[in-house]
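Here is the structure we will look at, set down as structure tokens.
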Amino acid sequence: MTDDERFGAFTLEELSDYLDTDRTPARPDIDGDPEAAAALVRLESLRTASRDLLDAEAAEAAGADAGWIASVLASVRTTAHAGRDIPVPDDDPASTLVVTEGALRGLVRALGDEVPGVVVRRTRFTGDVGTAGGSVDVEVSIAASADGPVHLRAEALRSIIEDALAAHAPFVVRSLVVRVADLIEGGRP
Amino acid sequence: MTDDVRSVSRGLTAVVLGVPGVRSVLPPGPNLATLVRDVHSVLDLPRDGGAVLVQDRREGARIRVVVTTDRRVPTLGLVRSVRDAVVAEGTALLGRRPSDVTVRVVEID
């Protein structure tokens with residue numbers, strides 16, 4: 001079984017992207033596909049994985065091994081958010097070095113948390129993602145609070161994302177756009 | 001060939017944890033499609049040995065490493081350092097160079 005397998009008419013990547021957008025805009029073709037809809041529910045459950053997800057079976061199976069449980073949950077969490085593998089340029093043919101798309105999305109989300117009044121909603125990588133050192137376009141959608149200059153917040157975030165991707169991304173950033181998709185007023189988007 | 005890949009796995013896990021910037025080493029679990037079908041498949045992850053997957057094959061060892069990393073350390077250099085450490089320690093423990101090494105960074109925190 002591979003991640004290219006289809007659930008109804010859709011791949012896991014398509015379903016994962018749909019969840020990344022908070023199902024907005026709605027996709028009646030996905031929502032109306034019973035097998036895809038069921039996979040979405042399971043994928044959402046994976047993304048919010050907790051000890052409850054593995055229920056008593058996991059706890060019993062592991063006994064007192066809290067370290068093993070932590071590894072299991074981290075494995076589920078990172079797999080559910082992994083996205084595509086992005087290859088790292090390297091000369092050794094016996095090695096495969098990879099940074100997952102999910103790792104970079106999580107990094108961008110964490111950077112957003114450092115800019116006051118900004119919440120990162122979505123990060124998309126398009127272009128030559130599958131080629132080591134390829135050229136990639138990056139689009140980051142954010143919600144920004146309206147109690148200050150929104151463009152300054154967006155620009156501050158753009159600047160730190162640019163620096164971070166230079167250090168951590170295995171691709172060349174061809175373009176980087178930070179798009180304000182929502183305004184947060186009174187603490188609510 | 002070695003009779004004890006668990007011991008090799010423990011040794012490699014310790015070496016990877018010693019690479020600056022590595023926060024944790026996770027066991028390579030089932031792929032996403034398998035997890036979506038049945039989350040309990042993750043319970044098949046081994047409970048002893050290290051987190052690094054070692055498969056000792058006639059043509060040479062296949063090693064898979066999954067790490068979470070510290071974002072204060074540039075990832076591209078870090079992932080190559082992990083590979084170099086795994087190849088060096090794997091060669092010492094197995095008696096010859098691993099034929100296939102995969103290092104995957106799944107979280108930069």
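In the structure tokens, each chain is lettered A, B, ... as it comes, each chain's residues begin at 1, and ligands are numbered from 1 in order of appearance.
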
Chain A residues near chain B within 9 Å, closest pair each, using only C-alpha atoms, as a tab-separated table:
residue	atom	partner	partner_atom	distance
A:Met1	CA	B:Ala33	CA	6.7
A:Thr2	CA	B:Ala33	CA	6.1
A:Asp3	CA	B:Ala33	CA	5.2
A:Asp4	CA	B:Ala33	CA	8.1
A:Glu5	CA	B:Ala33	CA	7.1
A:Leu12	CA	B:Ala33	CA	7.3
A:Ala39	CA	B:Val36	CA	6.6
A:Leu40	CA	B:Val36	CA	8.8
A:Arg42	CA	B:Val36	CA	5.7
A:Leu43	CA	B:Val36	CA	5.9
A:Ser45	CA	B:Val36	CA	8.9
A:Leu46	CA	B:Val36	CA	7.4
A:Leu53	CA	B:Val39	CA	8.1
A:Leu54	CA	B:His40	CA	6.8
A:Glu57	CA	B:His40	CA	8.8
A:Ala58	CA	B:Leu43	CA	6.9
A:Ala61	CA	B:Leu43	CA	8.0
A:Ala62	CA	B:Arg47	CA	8.0
A:Asp65	CA	B:Arg47	CA	8.6
A:Trp68	CA	B:Arg47	CA	6.4
A:Ser71	CA	B:Leu26	CA	5.9
A:Val72	CA	B:Val42	CA	6.6
A:Leu73	CA	B:Val42	CA	8.8
A:Ala74	CA	B:Leu26	CA	7.3
A:Ser75	CA	B:Gly29	CA	6.1
A:Val76	CA	B:Val42	CA	7.4
A:Thr78	CA	B:Val106	CA	6.1
A:Thr79	CA	B:Leu32	CA	6.0
A:Ala80	CA	B:Leu32	CA	6.3
A:His81	CA	B:Val106	CA	8.8
A:Ala82	CA	B:Val106	CA	6.6
A:Asp85	CA	B:Arg104	CA	8.3
A:Val88	CA	B:Leu76	CA	7.0
A:Pro89	CA	B:Leu76	CA	8.6
A:Asp90	CA	B:Arg80	CA	8.1
A:Pro93	CA	B:Asp100	CA	8.6
A:Ala94	CA	B:Asp100	CA	5.0
A:Ser95	CA	B:Val101	CA	4.7
A:Thr96	CA	B:Thr102	CA	4.5
A:Leu97	CA	B:Val103	CA	4.9
A:Val98	CA	B:Arg104	CA	4.7
A:Val99	CA	B:Val105	CA	4.7
A:Thr100	CA	B:Val106	CA	5.5
A:Glu101	CA	B:Val106	CA	8.2
A:Gly102	CA	B:Val106	CA	6.8
A:Ala103	CA	B:Glu107	CA	4.3
A:Leu104	CA	B:Ile108	CA	7.1
A:Gly106	CA	B:Glu107	CA	7.1
A:Leu107	CA	B:Ile108	CA	5.9
A:Ala110	CA	B:Asp109	CA	7.7
A:Ala164	CA	B:Arg71	CA	8.4
A:Ala166	CA	B:Pro74	CA	8.7
A:Ala167	CA	B:Pro74	CA	4.9
A:His168	CA	B:Thr75	CA	4.7
A:Ala169	CA	B:Leu76	CA	7.4
A:Pro170	CA	B:Leu76	CA	6.8

Long-range neighbours of Glu89 (chain B) as a compact mmCIF listing (two decimals) with N, CA and C atoms, in the first residue's frame, 8 Å cut-off, only C-alpha atoms, 5 positions minimum in chain:
# COMPACT_ATOMS: atom_id res chain seq x y z
N GLY B 11 22.93 1.24 18.87
CA GLY B 11 24.17 1.99 18.70
C GLY B 11 24.00 3.18 17.76
N LEU B 12 23.31 2.94 16.66
CA LEU B 12 23.10 4.02 15.69
C LEU B 12 22.18 5.10 16.25
N VAL B 15 24.22 7.32 18.41
CA VAL B 15 25.11 8.18 17.62
C VAL B 15 24.32 9.33 16.99

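Residue nearest Arg174 (chain A) within the list A:Arg153, A:Pro25, A:Gly148, A:Ser135: A:Ser135 [criterion: smallest interatomic distance, only C-alpha atoms].
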
Find the residues near Arg96 (chain B): any atom within 12 Å, counting only C-alpha atoms, skip ones fewer than 3 places away on the same chain, and give them as a compact mmCIF listing (two decimals) with C-alpha atoms, in the first residue's frame.
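This is the output file part_14.txt:
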# COMPACT_ATOMS: atom_id res chain seq x y z
CA MET B 1 25.89 -9.96 8.21
CA THR B 2 25.10 -9.50 11.89
CA ASP B 56 21.11 -6.32 7.27
CA ARG B 57 21.04 -7.72 3.75
CA ARG B 58 23.50 -9.74 1.71
CA GLU B 59 24.20 -6.76 -0.57
CA GLY B 60 24.75 -4.46 2.39
CA ALA B 61 22.75 -2.92 5.21
CA ARG B 62 19.70 -0.74 4.57
CA VAL B 87 27.70 5.60 7.78
CA ALA B 88 30.75 5.80 10.07
CA GLU B 89 29.14 4.01 13.01
CA GLY B 90 27.31 1.55 10.76
CA THR B 91 30.57 0.62 9.06
CA ALA B 92 32.21 0.09 12.45
CA LEU B 93 29.35 -2.01 13.83
CA SER B 99 24.61 0.15 1.00
CA ASP B 100 21.50 2.26 1.48

Please report the interatomic distance between CA of Gly127 (chain A) and CA of Leu176 (chain A) in Å with one decimal.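 Separation of CA of Gly127 (chain A) and CA of Leu176 (chain A): 12.1 Å.
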